[in-house]
file upload-v7.txt (compact mmCIF, C-alpha atoms)
# COMPACT_ATOMS: atom_id res chain seq x y z
CA MET M 1 26.97 22.06 15.29
CA SER M 2 28.88 24.04 12.69
CA ASP M 3 27.52 27.19 11.03
CA GLU M 4 26.91 25.25 7.84
CA GLU M 5 24.91 22.58 9.69
CA GLN M 6 22.99 25.30 11.50
CA ARG M 7 22.04 26.92 8.17
CA GLU M 8 21.01 23.54 6.75
CA TRP M 9 18.90 22.84 9.83
CA GLU M 10 17.16 26.20 9.50
CA ARG M 11 16.60 25.66 5.77
CA ARG M 12 15.01 22.25 6.38
CA ARG M 13 12.86 23.56 9.21
CA LYS M 14 11.57 26.32 6.92
CA THR M 15 10.77 23.80 4.16
CA ARG M 16 8.92 21.60 6.66
CA SER M 17 6.92 24.59 7.90
CA VAL M 18 5.95 25.55 4.35
CA ALA M 19 4.93 21.94 3.64
CA ILE M 20 2.72 21.85 6.77
CA ALA M 21 1.14 25.21 5.83
CA LEU M 22 0.42 23.96 2.30
CA ALA M 23 -1.05 20.71 3.65
CA LEU M 24 -3.37 22.65 5.98
CA ALA M 25 -4.45 24.97 3.17
CA ALA M 26 -5.09 21.95 0.94
CA LEU M 27 -7.26 20.41 3.70
CA VAL M 28 -9.35 23.59 3.94
CA ILE M 29 -9.89 23.57 0.16
CA LEU M 30 -10.58 19.81 0.22
CA PHE M 31 -13.35 20.12 2.81
CA TYR M 32 -14.82 23.15 1.02
CA ILE M 33 -14.97 21.23 -2.28
CA ALA M 34 -16.29 18.09 -0.53
CA THR M 35 -19.10 20.14 1.06
CA ILE M 36 -20.11 21.61 -2.29
CA ALA M 37 -19.89 18.18 -3.97
CA ARG M 38 -22.05 16.48 -1.31
CA LEU M 39 -24.64 19.20 -0.81
CA GLY M 40 -24.55 21.02 -4.14
CA GLY M 41 -26.94 23.98 -4.27
CA ASN M 42 -28.62 22.78 -1.07
CA VAL M 43 -25.71 24.16 0.94
CA MET M 44 -27.57 27.49 1.01
CA ASN M 45 -31.01 25.93 1.49
CA ARG M 46 -31.94 26.22 5.16
CA PRO M 47 -34.78 27.77 7.15
CA LEU M 48 -34.06 31.33 8.28
CA MET J 1 17.63 30.58 19.23
CA ALA J 2 20.94 30.93 20.92
CA ASP J 3 19.81 34.39 22.10
CA LEU J 4 16.99 32.78 24.06
CA GLY J 5 19.41 30.60 25.89
CA ILE J 6 17.67 27.37 24.83
CA PRO J 7 20.16 24.56 24.36
CA LEU J 8 20.10 23.48 20.72
CA SER J 9 20.11 19.84 21.72
CA SER J 10 16.68 20.21 23.32
CA THR J 11 15.03 21.29 20.10
CA ARG J 12 16.69 19.07 17.53
CA PRO J 13 17.98 15.51 17.41
CA ALA J 14 21.68 15.09 18.20
CA ASN J 15 24.04 14.94 15.22
CA LEU J 16 21.26 15.74 12.81
CA VAL J 17 20.38 18.64 10.60
CA GLY J 18 16.73 17.62 10.79
CA ALA J 19 14.44 15.76 8.42
CA SER J 20 13.65 17.03 4.95
CA VAL J 21 10.19 16.82 3.39
CA SER J 22 11.41 14.00 1.14
CA ASP J 23 12.30 11.95 4.25
CA PHE J 24 8.65 12.14 5.37
CA ILE J 25 7.51 11.17 1.88
CA ALA J 26 9.87 8.17 2.04
CA LEU J 27 8.24 7.18 5.37
CA MET J 28 4.98 6.71 3.45
CA LYS J 29 6.50 4.02 1.17
CA PRO J 30 5.47 5.71 -2.11
CA ARG J 31 5.93 2.57 -4.24
CA VAL J 32 3.59 0.55 -2.02
CA MET J 33 1.20 3.51 -2.04
CA SER J 34 1.09 3.52 -5.84
CA LEU J 35 0.07 -0.17 -5.93
CA VAL J 36 -2.55 0.46 -3.23
CA VAL J 37 -4.00 3.40 -5.15
CA PHE J 38 -4.07 1.43 -8.39
CA THR J 39 -5.89 -1.59 -6.92
CA ALA J 40 -8.29 0.62 -4.92
CA PHE J 41 -9.10 2.64 -8.04
CA THR J 42 -9.79 -0.59 -9.94
CA GLY J 43 -12.15 -1.74 -7.17
CA MET J 44 -13.94 1.61 -7.34
CA MET J 45 -14.29 1.51 -11.11
CA LEU J 46 -15.56 -2.08 -11.15
CA ALA J 47 -18.23 -1.37 -8.56
CA PRO J 48 -21.79 -0.78 -9.77
CA GLY J 49 -23.36 2.62 -9.28
CA HIS J 50 -21.98 6.09 -9.57
CA LEU J 51 -19.76 8.09 -7.24
CA ASN J 52 -19.33 11.82 -7.73
CA PRO J 53 -15.89 12.26 -9.40
CA VAL J 54 -14.83 14.81 -6.75
CA LEU J 55 -15.75 12.44 -3.94
CA ALA J 56 -14.04 9.59 -5.82
CA GLY J 57 -10.86 11.69 -6.00
CA ILE J 58 -11.08 12.44 -2.26
CA ALA J 59 -11.62 8.74 -1.53
CA MET J 60 -8.49 7.85 -3.51
CA LEU J 61 -6.51 10.53 -1.69
CA CYS J 62 -7.67 9.18 1.68
CA ILE J 63 -6.78 5.60 0.71
CA ALA J 64 -3.33 6.75 -0.46
CA VAL J 65 -2.72 8.71 2.76
CA GLY J 66 -4.00 5.77 4.84
CA ALA J 67 -1.49 3.51 3.06
CA GLY J 68 1.20 6.10 3.78
CA ALA J 69 0.21 6.09 7.46
CA SER J 70 0.61 2.30 7.55
CA GLY J 71 4.08 2.66 6.02
CA ALA J 72 5.16 5.29 8.54
CA LEU J 73 3.84 3.28 11.50
CA ASN J 74 5.52 0.14 10.18
CA MET J 75 8.85 2.00 9.92
CA TRP J 76 8.36 3.38 13.44
CA TYR J 77 7.93 -0.09 14.93
CA ASP J 78 10.43 -1.94 12.73
CA ALA J 79 13.29 0.58 12.93
CA ASP J 80 15.53 -1.98 14.68
CA ILE J 81 14.93 -4.64 12.01
CA ASP J 82 15.30 -2.12 9.17
CA ALA J 83 18.70 -1.05 10.48
CA ARG J 84 19.97 -4.65 10.30
CA MET J 85 18.78 -5.36 6.76
CA GLN J 86 20.65 -4.24 3.66
CA ARG J 87 17.38 -3.67 1.76
CA THR J 88 15.97 -1.29 4.38
CA ALA J 89 19.04 0.23 6.08
CA ALA J 90 18.72 3.44 4.05
CA ARG J 91 15.18 4.17 5.26
CA PRO J 92 14.75 7.53 7.04
CA ILE J 93 14.82 6.21 10.64
CA PRO J 94 17.85 3.87 10.45
CA ARG J 95 19.64 6.55 8.40
CA GLY J 96 19.06 8.96 11.29
CA ALA J 97 17.11 11.48 9.22
CA VAL J 98 13.83 11.06 11.14
CA SER J 99 13.40 10.09 14.79
CA ARG J 100 11.07 7.25 15.80
CA GLU J 101 8.86 9.73 17.69
CA GLU J 102 8.50 11.90 14.58
CA ALA J 103 7.55 8.85 12.49
CA LEU J 104 4.98 7.74 15.08
CA THR J 105 3.40 11.20 15.31
CA PHE J 106 3.36 11.52 11.53
CA GLY J 107 1.77 8.07 11.09
CA VAL J 108 -0.90 8.60 13.75
CA ILE J 109 -1.92 12.00 12.32
CA LEU J 110 -2.15 10.59 8.79
CA ALA J 111 -4.11 7.53 9.98
CA ILE J 112 -6.67 9.53 11.96
CA GLY J 113 -6.93 12.19 9.23
CA SER J 114 -7.42 9.73 6.36
CA VAL J 115 -9.96 7.48 8.15
CA THR J 116 -12.00 10.42 9.49
CA THR J 117 -12.05 12.23 6.15
CA LEU J 118 -13.01 9.09 4.20
CA GLY J 119 -15.78 8.33 6.70
CA LEU J 120 -17.17 11.86 6.80
CA VAL J 121 -16.88 12.69 3.11
CA VAL J 122 -17.58 9.33 1.43
CA ASN J 123 -19.06 6.70 3.77
CA TRP J 124 -18.22 4.90 7.02
CA VAL J 125 -18.02 1.41 5.51
CA ALA J 126 -15.06 2.58 3.43
CA GLY J 127 -13.68 4.57 6.40
CA GLY J 128 -14.05 1.54 8.67
CA LEU J 129 -12.31 -0.76 6.17
CA LEU J 130 -9.44 1.73 5.89
CA ALA J 131 -9.14 1.79 9.70
CA ILE J 132 -9.13 -2.04 9.78
CA THR J 133 -6.44 -2.11 7.07
CA ILE J 134 -4.13 0.26 8.97
CA ALA J 135 -4.74 -1.55 12.29
CA PHE J 136 -4.24 -4.97 10.68
CA TYR J 137 -0.96 -3.94 9.06
CA LEU J 138 0.37 -2.36 12.23
CA ILE J 139 -0.95 -4.61 15.00
CA VAL J 140 -1.54 -8.04 13.38
CA TYR J 141 1.31 -8.04 10.84
CA THR J 142 4.02 -5.69 12.12
CA MET J 143 3.67 -6.06 15.89
CA TRP J 144 2.38 -9.62 16.22
CA LEU J 145 3.18 -11.92 13.28
CA LYS J 146 6.28 -10.55 11.58
CA ARG J 147 8.75 -11.46 14.33
CA ARG J 148 7.00 -14.66 15.47
CA THR J 149 5.91 -16.90 12.62
CA PRO J 150 6.81 -17.81 9.03
CA GLN J 151 3.08 -17.42 8.34
CA ASN J 152 3.62 -13.65 8.82
CA ILE J 153 3.05 -12.66 5.22
CA VAL J 154 0.34 -15.26 4.58
CA ILE J 155 -1.97 -13.77 7.22
CA GLY J 156 -0.48 -10.28 7.15
CA GLY J 157 -1.04 -10.17 3.40
CA ALA J 158 -4.68 -9.40 4.13
CA ALA J 159 -3.67 -5.81 4.91
CA GLY J 160 -2.42 -5.29 1.36
CA ALA J 161 -5.50 -7.02 -0.04
CA PHE J 162 -8.07 -4.65 1.46
CA PRO J 163 -7.63 -1.61 -0.88
CA PRO J 164 -9.85 -2.85 -3.77
CA MET J 165 -12.54 -3.62 -1.16
CA ILE J 166 -12.20 -0.08 0.19
CA GLY J 167 -12.52 1.32 -3.34
CA TRP J 168 -15.60 -0.84 -3.93
CA ALA J 169 -17.11 0.19 -0.57
CA ALA J 170 -16.46 3.86 -1.37
CA ALA J 171 -18.57 3.51 -4.52
CA THR J 172 -21.34 1.25 -3.19
CA GLY J 173 -21.34 1.69 0.59
CA GLY J 174 -21.00 -2.07 1.07
CA ILE J 175 -19.08 -5.30 0.60
CA SER J 176 -19.96 -7.90 -2.04
CA LEU J 177 -18.76 -11.25 -3.38
CA GLU J 178 -17.02 -9.45 -6.24
CA SER J 179 -15.01 -7.22 -3.90
CA ILE J 180 -14.09 -10.27 -1.80
CA VAL J 181 -12.74 -11.94 -4.96
CA LEU J 182 -10.54 -8.89 -5.63
CA PHE J 183 -9.35 -9.18 -2.02
CA LEU J 184 -8.58 -12.89 -2.53
CA ILE J 185 -6.45 -12.25 -5.62
CA ILE J 186 -4.06 -9.95 -3.72
CA PHE J 187 -4.24 -12.17 -0.63
CA MET J 188 -3.10 -15.22 -2.62
CA TRP J 189 -0.55 -13.16 -4.57
CA THR J 190 1.31 -11.93 -1.48
CA PRO J 191 2.97 -15.21 -0.30
CA PRO J 192 4.66 -16.25 -3.58
CA HIS J 193 5.66 -12.61 -4.18
CA PHE J 194 7.39 -12.18 -0.80
CA TRP J 195 8.75 -15.72 -0.59
CA ALA J 196 10.49 -15.18 -3.94
CA LEU J 197 12.11 -12.08 -2.41
CA ALA J 198 12.91 -13.94 0.82
CA LEU J 199 14.63 -16.75 -1.12
CA TYR J 200 17.40 -14.47 -2.42
CA ARG J 201 17.37 -12.23 0.69
CA ALA J 202 17.31 -15.09 3.21
CA ARG J 203 20.58 -14.08 4.89
CA ASP J 204 19.30 -10.52 5.29
CA TYR J 205 16.15 -11.77 7.05
CA GLU J 206 18.16 -14.23 9.15
CA ARG J 207 20.50 -11.46 10.33
CA ALA J 208 17.51 -9.32 11.28
CA GLY J 209 15.86 -12.23 13.13
CA VAL J 210 12.74 -12.23 10.96
CA PRO J 211 11.37 -15.81 10.69
CA MET J 212 10.62 -15.79 6.97
CA LEU J 213 9.86 -19.21 5.48
CA PRO J 214 13.34 -19.81 3.91
CA VAL J 215 14.97 -18.98 7.27
CA VAL J 216 12.72 -21.25 9.34
CA ALA J 217 11.72 -24.09 6.99
CA GLY J 218 14.52 -23.89 4.43
CA ALA J 219 14.73 -22.96 0.76
CA ASP J 220 13.32 -26.25 -0.59
CA GLU J 221 10.13 -26.03 1.47
CA THR J 222 9.77 -22.39 0.39
CA ARG J 223 10.07 -23.41 -3.27
CA LYS J 224 7.34 -26.02 -2.77
CA GLN J 225 5.05 -23.47 -1.08
CA ILE J 226 5.69 -20.96 -3.87
CA VAL J 227 4.46 -23.45 -6.47
CA ILE J 228 1.37 -24.37 -4.39
CA TYR J 229 0.40 -20.74 -3.74
CA SER J 230 1.10 -19.74 -7.36
CA ALA J 231 -1.22 -22.50 -8.60
CA LEU J 232 -3.93 -21.37 -6.15
CA LEU J 233 -3.40 -17.75 -7.20
CA VAL J 234 -3.84 -18.57 -10.89
CA MET J 235 -7.12 -20.33 -10.08
CA VAL J 236 -8.40 -17.50 -7.87
CA ALA J 237 -7.41 -14.96 -10.53
CA PHE J 238 -9.87 -16.66 -12.91
CA LEU J 239 -12.83 -16.05 -10.57
CA PRO J 240 -13.55 -12.49 -11.86
CA ALA J 241 -14.20 -14.03 -15.30
CA LEU J 242 -16.65 -16.55 -13.78
CA LEU J 243 -18.43 -13.78 -11.84
CA GLN J 244 -18.51 -11.63 -15.00
CA LEU J 245 -16.55 -8.97 -13.24
CA GLY J 246 -14.12 -9.33 -16.12
CA GLY J 247 -14.89 -10.20 -19.75
CA SER J 248 -13.27 -12.42 -22.35
CA ILE J 249 -10.15 -10.25 -22.61
CA TYR J 250 -9.66 -10.61 -18.87
CA ALA J 251 -10.16 -14.39 -19.05
CA LEU J 252 -7.53 -14.72 -21.79
CA SER J 253 -5.13 -12.37 -19.96
CA ALA J 254 -5.55 -14.30 -16.71
CA ILE J 255 -4.73 -17.57 -18.48
CA ALA J 256 -1.74 -16.14 -20.40
CA ALA J 257 -0.24 -14.17 -17.49
CA GLY J 258 -0.97 -17.04 -15.09
CA SER J 259 0.84 -19.52 -17.33
CA ILE J 260 3.96 -17.35 -17.25
CA LEU J 261 3.71 -17.04 -13.46
CA LEU J 262 3.40 -20.81 -13.04
CA SER J 263 6.29 -21.41 -15.42
CA LEU J 264 8.54 -19.01 -13.43
CA ALA J 265 7.43 -20.61 -10.14
CA LEU J 266 8.31 -24.06 -11.51
CA THR J 267 11.71 -22.73 -12.61
CA VAL J 268 12.29 -21.51 -9.04
CA HIS J 269 11.33 -25.00 -7.84
CA ARG J 270 13.67 -26.72 -10.33
CA VAL J 271 16.80 -24.50 -10.18
CA ARG J 272 18.12 -24.76 -6.62
CA GLU J 273 21.84 -24.08 -6.76
CA GLY J 274 24.11 -21.10 -7.33
CA ARG J 275 23.44 -17.71 -8.84
CA GLU J 276 20.93 -19.16 -11.31
CA ALA J 277 18.70 -20.05 -8.36
CA ASP J 278 18.84 -16.45 -7.12
CA ARG J 279 18.13 -15.17 -10.62
CA ALA J 280 15.09 -17.44 -10.94
CA ALA J 281 13.71 -16.08 -7.65
CA GLN J 282 14.45 -12.50 -8.74
CA ARG J 283 12.63 -13.07 -12.04
CA LEU J 284 9.58 -14.48 -10.22
CA PHE J 285 9.59 -11.56 -7.76
CA ALA J 286 9.76 -8.96 -10.55
CA TYR J 287 7.20 -10.75 -12.73
CA SER J 288 4.74 -11.17 -9.86
CA ILE J 289 4.39 -7.37 -9.76
CA VAL J 290 3.77 -7.27 -13.52
CA TYR J 291 1.26 -10.13 -13.15
CA LEU J 292 -0.83 -8.32 -10.54
CA PHE J 293 -0.65 -5.11 -12.56
CA VAL J 294 -1.84 -6.89 -15.73
CA LEU J 295 -4.82 -8.52 -13.96
CA PHE J 296 -6.05 -5.26 -12.43
CA ALA J 297 -5.20 -3.15 -15.50
CA VAL J 298 -7.29 -5.40 -17.78
CA LEU J 299 -10.19 -5.35 -15.31
CA LEU J 300 -9.90 -1.56 -15.13
CA LEU J 301 -9.76 -1.11 -18.91
CA GLU J 302 -12.74 -3.38 -19.46
CA ALA J 303 -14.72 -1.51 -16.79
CA ALA J 304 -13.73 1.88 -18.23
CA PHE J 305 -14.70 0.74 -21.74
CA GLY J 306 -18.03 -0.57 -20.43
CA ARG J 307 -18.77 2.75 -18.73
CA TYR J 308 -17.82 4.65 -21.90
CA LEU J 309 -20.23 2.53 -23.94
CA SER J 310 -23.05 3.03 -21.43
CA LEU J 311 -22.41 6.80 -21.38
CA THR J 312 -22.53 7.02 -25.18
CA GLY J 313 -25.58 4.73 -25.35
CA VAL J 314 -23.81 2.14 -27.55
CA SER J 315 -24.80 -1.47 -26.99
CA LEU J 316 -22.68 -4.42 -28.06
CA ALA J 317 -25.60 -6.83 -27.63
call {"tool": "encode", "arguments": {"input": "upload-v7.txt", "output": "structure tokens"}}
result
Amino acid sequence: MSDEEQREWERRRKTRSVAIALALAALVILFYIATIARLGGNVMNRPL
Amino acid sequence: MADLGIPLSSTRPANLVGASVSDFIALMKPRVMSLVVFTAFTGMMLAPGHLNPVLAGIAMLCIAVGAGASGALNMWYDADIDARMQRTAARPIPRGAVSREEALTFGVILAIGSVTTLGLVVNWVAGGLLAITIAFYLIVYTMWLKRRTPQNIVIGGAAGAFPPMIGWAAATGGISLESIVLFLIIFMWTPPHFWALALYRARDYERAGVPMLPVVAGADETRKQIVIYSALLVMVAFLPALLQLGGSIYALSAIAAGSILLSLALTVHRVREGREADRAAQRLFAYSIVYLFVLFAVLLLEAAFGRYLSLTGVSLA
């Protein structure tokens, strides 16, 4: 593999890693919002 | 990496610079996804009851991702066929941008993620229907029927017909006659749509060894079947008006758009020679997409207008 191909491979790997990180972050936010939407204010309502 | 002494070939595919993010998006068949999302959204909007808008958005996202998973798994299994067909040779796997293993892993993760999320966040009827859709597309259509029988897209078309039922189930938690009618419209639409494509791509399918109807039974039989299925489709497409799922605007649209579809199908049946025959099939293929869009768009607009009126307290009675 030439130097140019090596750089391109590294660039694409970095982009894929960023995309995976963003997807995981989006999932965290998605489940947070879904929890609030399903439970509303009751999310804090539990016996102590 | 070289400092660690790991051979480069063990960590990347040979002769490749690796897949880009757009290659993975292409694996999800975005154009098919958009049609799936549109029909599922229509099913959701037509359904009685109310679904929290946030949960509705999550349901649509899950359905879209589930459709993407089906696309990726289909490309994983059909990579050999795709490489032999002009229409599909530029897909990520035959092009060498993504390996089959990557496509399989990607598809499985998306399938499990979308079904689980839809089940947990919305309801398990919708989640179950999404799982059935993905399994049907992969196992029944792609693995079993596609390479064996010219009935492949007749039965396999059910996979593409499920999305409005999933949308309906997301909103109501169940299945009803109305959602089955929406299913039937897409189910009956699939054969004439794909047979029109197969008529002018017959050599492509023949080269790939896919037993599409024009390859196995010939172009004339295919033309006859296109007319029969188009006539059945136009009749089925009127059912939402009878069930009052659609109103008078829908009824008129179904008649007008159906007349054009039948006329194009009859042209395909009549014109059998030369480039004009190919053009007739191309026109029917392109119009069939418009036809389905018009039916669902009118249903959607009528439902949205009805909801707006009920929200504002206006009654047309």
call {"tool": "closest_atom_pairs", "arguments": {"input": "upload-v7.txt", "of": "chain J", "to": "chain M", "cutoff": "8 Å", "atoms": "all atoms listed in the file", "output": "Markdown table"}}
result
| residue | atom | partner | partner_atom | distance |
| --- | --- | --- | --- | --- |
| J:Asn15 | CA | M:Met1 | CA | 7.7 |
| J:Val17 | CA | M:Trp9 | CA | 4.5 |
| J:Gly18 | CA | M:Trp9 | CA | 5.7 |
| J:Ala19 | CA | M:Arg12 | CA | 6.8 |
| J:Ser20 | CA | M:Arg12 | CA | 5.6 |
| J:Val21 | CA | M:Arg16 | CA | 5.9 |
| J:Asn52 | CA | M:Ala37 | CA | 7.4 |
| J:Val54 | CA | M:Ala37 | CA | 6.7 |
| J:Leu55 | CA | M:Ala34 | CA | 6.6 |
| J:Ile58 | CA | M:Leu30 | CA | 7.8 |
| J:Val121 | CA | M:Ala34 | CA | 6.5 |
call {"tool": "residues_around", "arguments": {"input": "upload-v7.txt", "residues": "Ala251 (chain J)", "least_positions_apart": "6", "cutoff": "10 Å", "atoms": "all atoms listed in the file", "output": "PyMOL selection string"}}
result
chain J and resi 237-242+244+295+298-299
call {"tool": "closest_residue", "arguments": {"input": "upload-v7.txt", "among": "J:Ser248, J:Leu110, J:Val215, J:Pro192", "to": "Ala23 (chain M)", "atoms": "all atoms listed in the file"}}
result
J:Leu110
call {"tool": "residues_around", "arguments": {"input": "upload-v7.txt", "residues": "Arg270 (chain J)", "least_positions_apart": "2", "cutoff": "12 Å", "atoms": "all atoms listed in the file", "output": "PyMOL selection string"}}
result
chain J and resi 219-220+223-224+226-227+263-268+272-273+276-278+280-281
call {"tool": "closest_residue", "arguments": {"input": "upload-v7.txt", "among": "J:Ile155, J:Ala198, J:Leu177, J:Ala170", "to": "Val125 (chain J)", "atoms": "only C-alpha atoms"}}
result
J:Ala170
call {"tool": "atom_distance", "arguments": {"input": "upload-v7.txt", "atom1": "CA of Leu252 (chain J)", "atom2": "CA of Ala158 (chain J)"}}
result
26.6 Å
call {"tool": "atom_distance", "arguments": {"input": "upload-v7.txt", "atom1": "CA of Ala47 (chain J)", "atom2": "CA of Leu245 (chain J)"}}
result
9.1 Å
